[in-house]
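See below for final.tsv, which holds TSV, C-alpha atoms.
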```tsv
chain	number	residue	atom	x	y	z
A	1	MET	CA	42.28	8.83	50.93
A	2	SER	CA	40.66	5.40	50.94
A	3	ASP	CA	42.08	4.70	54.39
A	4	LYS	CA	40.80	8.02	55.71
A	5	TRP	CA	37.33	7.88	54.22
A	6	PHE	CA	36.64	4.16	54.67
A	7	GLY	CA	37.86	4.46	58.25
A	8	GLU	CA	35.96	7.52	59.41
A	9	GLY	CA	33.70	8.45	56.53
A	10	PRO	CA	33.92	11.34	54.09
A	11	SER	CA	35.48	14.39	55.66
A	12	THR	CA	35.74	17.68	53.80
A	13	LEU	CA	35.47	21.39	54.17
A	14	HIS	CA	32.61	22.48	51.90
A	15	GLY	CA	33.03	19.36	49.79
A	16	VAL	CA	36.23	20.69	48.20
A	17	LEU	CA	39.17	20.26	50.63
A	18	THR	CA	40.17	17.36	52.85
A	19	SER	CA	42.96	17.42	55.44
A	20	GLY	CA	46.00	15.28	54.76
A	21	PHE	CA	45.77	15.98	51.03
A	22	PRO	CA	47.21	19.45	50.46
A	23	ASN	CA	46.33	21.25	47.23
A	24	LEU	CA	43.77	18.58	46.30
A	25	PHE	CA	40.48	20.16	45.30
A	26	LEU	CA	37.54	17.76	45.08
A	27	ALA	CA	34.71	18.07	42.59
A	28	GLY	CA	31.97	16.55	44.74
A	29	PRO	CA	29.54	14.96	45.10
A	30	LEU	CA	30.03	14.20	48.81
A	31	GLN	CA	29.11	17.00	51.24
A	32	THR	CA	28.23	19.41	48.42
A	33	GLY	CA	25.00	20.81	47.12
A	34	ALA	CA	22.91	18.45	45.04
A	35	SER	CA	21.00	19.33	41.92
A	36	VAL	CA	19.85	17.70	38.72
A	37	ASN	CA	21.69	20.56	37.03
A	38	PHE	CA	25.20	19.15	37.34
A	39	ALA	CA	26.70	22.09	35.46
A	40	TYR	CA	25.39	24.47	38.13
A	41	VAL	CA	26.90	22.35	40.91
A	42	GLN	CA	30.26	22.37	39.14
A	43	ASP	CA	29.99	26.12	38.53
A	44	VAL	CA	29.45	26.78	42.24
A	45	LEU	CA	32.30	24.40	43.14
A	46	SER	CA	34.69	26.01	40.66
A	47	GLN	CA	33.89	29.54	41.85
A	48	HIS	CA	34.54	28.44	45.44
A	49	CYS	CA	37.82	26.72	44.55
A	50	ALA	CA	38.93	29.73	42.50
A	51	TYR	CA	38.25	32.03	45.47
A	52	ILE	CA	40.24	29.81	47.84
A	53	LEU	CA	43.19	29.62	45.45
A	54	ALA	CA	43.18	33.35	44.64
A	55	GLU	CA	42.92	34.29	48.30
A	56	ALA	CA	45.70	31.84	49.22
A	57	MET	CA	47.99	33.37	46.58
A	58	LYS	CA	47.15	36.86	47.81
A	59	ARG	CA	47.91	35.92	51.42
A	60	ALA	CA	51.18	34.24	50.46
A	61	GLY	CA	52.37	37.44	48.85
A	62	LYS	CA	54.72	37.96	45.97
A	63	SER	CA	57.62	36.30	47.75
A	64	THR	CA	56.62	32.82	46.61
A	65	ASP	CA	54.82	31.03	43.86
A	66	LYS	CA	54.44	27.79	45.83
A	67	VAL	CA	51.36	27.88	48.01
A	68	VAL	CA	49.94	24.97	49.99
A	69	VAL	CA	46.23	24.95	50.81
A	70	GLU	CA	44.66	22.44	53.21
A	71	SER	CA	41.59	22.30	55.41
A	72	THR	CA	41.83	21.78	59.16
A	73	VAL	CA	40.46	18.67	60.83
A	74	GLU	CA	38.41	20.87	63.16
A	75	ALA	CA	36.75	22.68	60.26
A	76	GLU	CA	35.94	19.38	58.57
A	77	GLU	CA	34.38	18.04	61.76
A	78	ALA	CA	32.29	21.19	62.20
A	79	TYR	CA	31.10	21.04	58.58
A	80	ALA	CA	30.27	17.32	58.89
A	81	GLY	CA	28.36	18.13	62.08
A	82	LEU	CA	26.26	20.65	60.19
A	83	ILE	CA	25.42	18.04	57.56
A	84	MET	CA	24.75	15.30	60.10
A	85	GLN	CA	22.26	17.46	62.02
A	86	TYR	CA	19.83	16.77	59.20
A	87	ALA	CA	20.62	13.07	58.63
A	88	ALA	CA	17.10	12.03	59.60
A	89	TRP	CA	15.79	13.89	56.55
A	90	PHE	CA	17.44	11.25	54.35
A	91	SER	CA	16.38	8.23	56.43
A	92	ALA	CA	13.38	7.53	54.21
A	93	MET	CA	15.78	6.40	51.49
A	94	SER	CA	16.49	3.23	53.48
A	95	VAL	CA	13.01	1.87	52.65
A	96	CYS	CA	13.08	2.79	48.96
A	97	THR	CA	13.33	0.19	46.22
A	98	PRO	CA	16.67	-1.60	46.66
A	99	GLY	CA	19.50	0.11	44.82
A	100	TYR	CA	22.98	1.53	45.24
A	101	LEU	CA	21.69	4.48	47.30
A	102	ASN	CA	20.39	2.22	50.09
A	103	ASN	CA	22.88	-0.66	50.04
A	104	GLU	CA	20.55	-2.78	47.87
A	105	GLY	CA	17.94	-2.70	50.65
A	106	HIS	CA	20.22	-4.16	53.33
A	107	GLN	CA	20.28	-2.38	56.68
A	108	ALA	CA	23.74	-0.94	57.27
A	109	PRO	CA	25.31	-1.26	60.74
A	110	PRO	CA	25.18	1.92	62.87
A	111	GLU	CA	28.83	2.84	62.22
A	112	GLU	CA	28.24	2.65	58.47
A	113	GLN	CA	25.06	4.71	58.84
A	114	MET	CA	27.14	7.41	60.55
A	115	LYS	CA	29.60	7.42	57.64
A	116	MET	CA	26.73	7.65	55.17
A	117	ALA	CA	25.20	10.55	57.10
A	118	LYS	CA	28.55	12.30	57.15
A	119	GLY	CA	28.86	12.09	53.37
A	120	ALA	CA	25.32	13.25	52.63
A	121	PRO	CA	24.62	16.25	50.41
A	122	PHE	CA	24.25	19.68	51.96
A	123	PRO	CA	20.81	19.14	53.52
A	124	LEU	CA	19.21	22.53	52.94
A	125	GLY	CA	19.40	22.32	49.15
A	126	MET	CA	21.61	23.50	46.36
A	127	ASN	CA	20.73	27.18	46.53
A	128	ALA	CA	21.23	27.24	50.30
A	129	TRP	CA	24.63	25.61	49.86
A	130	ALA	CA	25.64	28.18	47.24
A	131	GLU	CA	24.56	30.94	49.64
A	132	PHE	CA	26.41	29.26	52.54
A	133	LEU	CA	29.64	29.29	50.50
A	134	LYS	CA	29.05	32.88	49.40
A	135	GLU	CA	28.64	33.98	53.04
A	136	TRP	CA	31.79	32.08	54.04
A	137	ARG	CA	33.74	33.89	51.32
A	138	ALA	CA	32.24	37.27	52.23
A	139	GLU	CA	33.31	36.81	55.86
A	140	GLY	CA	36.86	36.86	54.52
A	141	SER	CA	38.89	34.95	57.10
A	142	MET	CA	39.03	31.64	55.19
A	143	LYS	CA	38.16	29.96	58.49
A	144	GLY	CA	39.19	26.32	58.43
A	145	VAL	CA	41.76	26.69	55.64
A	146	ASN	CA	45.49	26.67	56.31
A	147	VAL	CA	47.61	28.52	53.78
A	148	THR	CA	51.36	27.94	53.88
A	149	THR	CA	54.22	28.43	51.46
A	150	ALA	CA	56.59	25.71	50.33
```
Would you give me this structure, written as structure tokens?
Amino acid sequence: MSDKWFGEGPSTLHGVLTSGFPNLFLAGPLQTGASVNFAYVQDVLSQHCAYILAEAMKRAGKSTDKVVVESTVEAEEAYAGLIMQYAAWFSAMSVCTPGYLNNEGHQAPPEEQMKMAKGAPFPLGMNAWAEFLKEWRAEGSMKGVNVTTA
């Protein structure tokens, strides 16, 4: 994962799945909703992961108990694009007091800025992210998730 993320920046579907790492469910914080209420963030993440797993098992049918779940590269790119559309909203952080959030006040090169923008929190806020996930689940197709059996 280090090679993937250091090379191209964080890449997930909804902050929980990343291609190339089947059946790995992430617990944030990159590309997820952000809130001071960490328990709420984890609750939303766990509900989303539980839905994906339950739906994958349902789609696999009773013929197997070995299900493989993985996001598609295309879905990750589309989700990162959504997040990056709002990257300018976070640009003010670069002039804040030096700290780990702004590379100790040092200007990052453009390629690193792109990676940072890609890994930003869901830009419309925690509640909007929770609603975004809820709508994705309600749509029902599990767009961007490949489900296979082993």
Could you check the closest approach to Glu111 in chain A for each of A:Met1, A:Gln85, A:Leu133, A:Gly7 and tell me which residue wins, using only C-alpha atoms?
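The answer is A:Gly7, which sits nearest to Glu111 in chain A.
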Which distance in Å separates CA of Thr149 in chain A and CA of Lys62 in chain A, to one decimal?
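Result for CA of Thr149 in chain A versus CA of Lys62 in chain A: 11.0 Å, one decimal.
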Nearest to Ala130 in chain A: which of A:Val44, A:Leu26, A:Met116, A:Leu13 is it, counting only C-alpha atoms?
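Using only C-alpha atoms, Ala130 in chain A sits closest to A:Val44.
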Please compute the CA of Cys96 in chain A-CA of Thr12 in chain A distance, one decimal, in Å.
27.5 Å
Distance CA of Glu55 in chain A-CA of Lys134 in chain A, one decimal place?
14.0 Å
Could you give me, as JSON lines, every range 30-123 of chain A residue with an atom at most 12 Å from range 19-23 of chain A, plus its closest atom pair and distance in Å to one decimal, counting only C-alpha atoms, rows ordered by chain then number?
```
{"residue": "A:Cys49", "atom": "CA", "partner": "A:Asn23", "partner_atom": "CA", "distance": 10.5}
{"residue": "A:Ile52", "atom": "CA", "partner": "A:Asn23", "partner_atom": "CA", "distance": 10.5}
{"residue": "A:Leu53", "atom": "CA", "partner": "A:Asn23", "partner_atom": "CA", "distance": 9.1}
{"residue": "A:Ala56", "atom": "CA", "partner": "A:Asn23", "partner_atom": "CA", "distance": 10.8}
{"residue": "A:Lys66", "atom": "CA", "partner": "A:Asn23", "partner_atom": "CA", "distance": 10.5}
{"residue": "A:Val67", "atom": "CA", "partner": "A:Asn23", "partner_atom": "CA", "distance": 8.4}
{"residue": "A:Val68", "atom": "CA", "partner": "A:Asn23", "partner_atom": "CA", "distance": 5.9}
{"residue": "A:Val69", "atom": "CA", "partner": "A:Asn23", "partner_atom": "CA", "distance": 5.1}
{"residue": "A:Glu70", "atom": "CA", "partner": "A:Pro22", "partner_atom": "CA", "distance": 4.8}
{"residue": "A:Ser71", "atom": "CA", "partner": "A:Ser19", "partner_atom": "CA", "distance": 5.1}
{"residue": "A:Thr72", "atom": "CA", "partner": "A:Ser19", "partner_atom": "CA", "distance": 5.8}
{"residue": "A:Val73", "atom": "CA", "partner": "A:Ser19", "partner_atom": "CA", "distance": 6.1}
{"residue": "A:Glu74", "atom": "CA", "partner": "A:Ser19", "partner_atom": "CA", "distance": 9.6}
{"residue": "A:Ala75", "atom": "CA", "partner": "A:Ser19", "partner_atom": "CA", "distance": 9.5}
{"residue": "A:Glu76", "atom": "CA", "partner": "A:Ser19", "partner_atom": "CA", "distance": 7.9}
{"residue": "A:Glu77", "atom": "CA", "partner": "A:Ser19", "partner_atom": "CA", "distance": 10.7}
```
For each of A:His48, A:Glu104, A:Ala60, A:Thr18, take the minimum atom-to-atom distance to Val147 in chain A, counting all atoms listed in the file, then give the residue where this is smallest.
A:Ala60
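Proximity to Asn146 in chain A was assessed for A:Gly15, A:Arg59, A:Ala120, A:Asp65 counting only C-alpha atoms; the smallest distance is recorded for A:Arg59.
You can rank A:Thr32, A:Thr148, A:Thr97, A:Asn102 by their closest distance to Phe122 in chain A using only C-alpha atoms, and at the top of that list sits A:Thr32.
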Have a look at A:Gly61, A:Gly99, A:Gly140, A:Gly81 and name the one nearest to His14 in chain A; count only C-alpha atoms.
A:Gly81
Fewer than 2 positions away in the same chain doesn't count, so skip those; otherwise give me all residues within 8 Å of Ala80 in chain A, counting only C-alpha atoms, as a ChimeraX atom specification.
/A:11-12,31,76-78,82-84,118-119
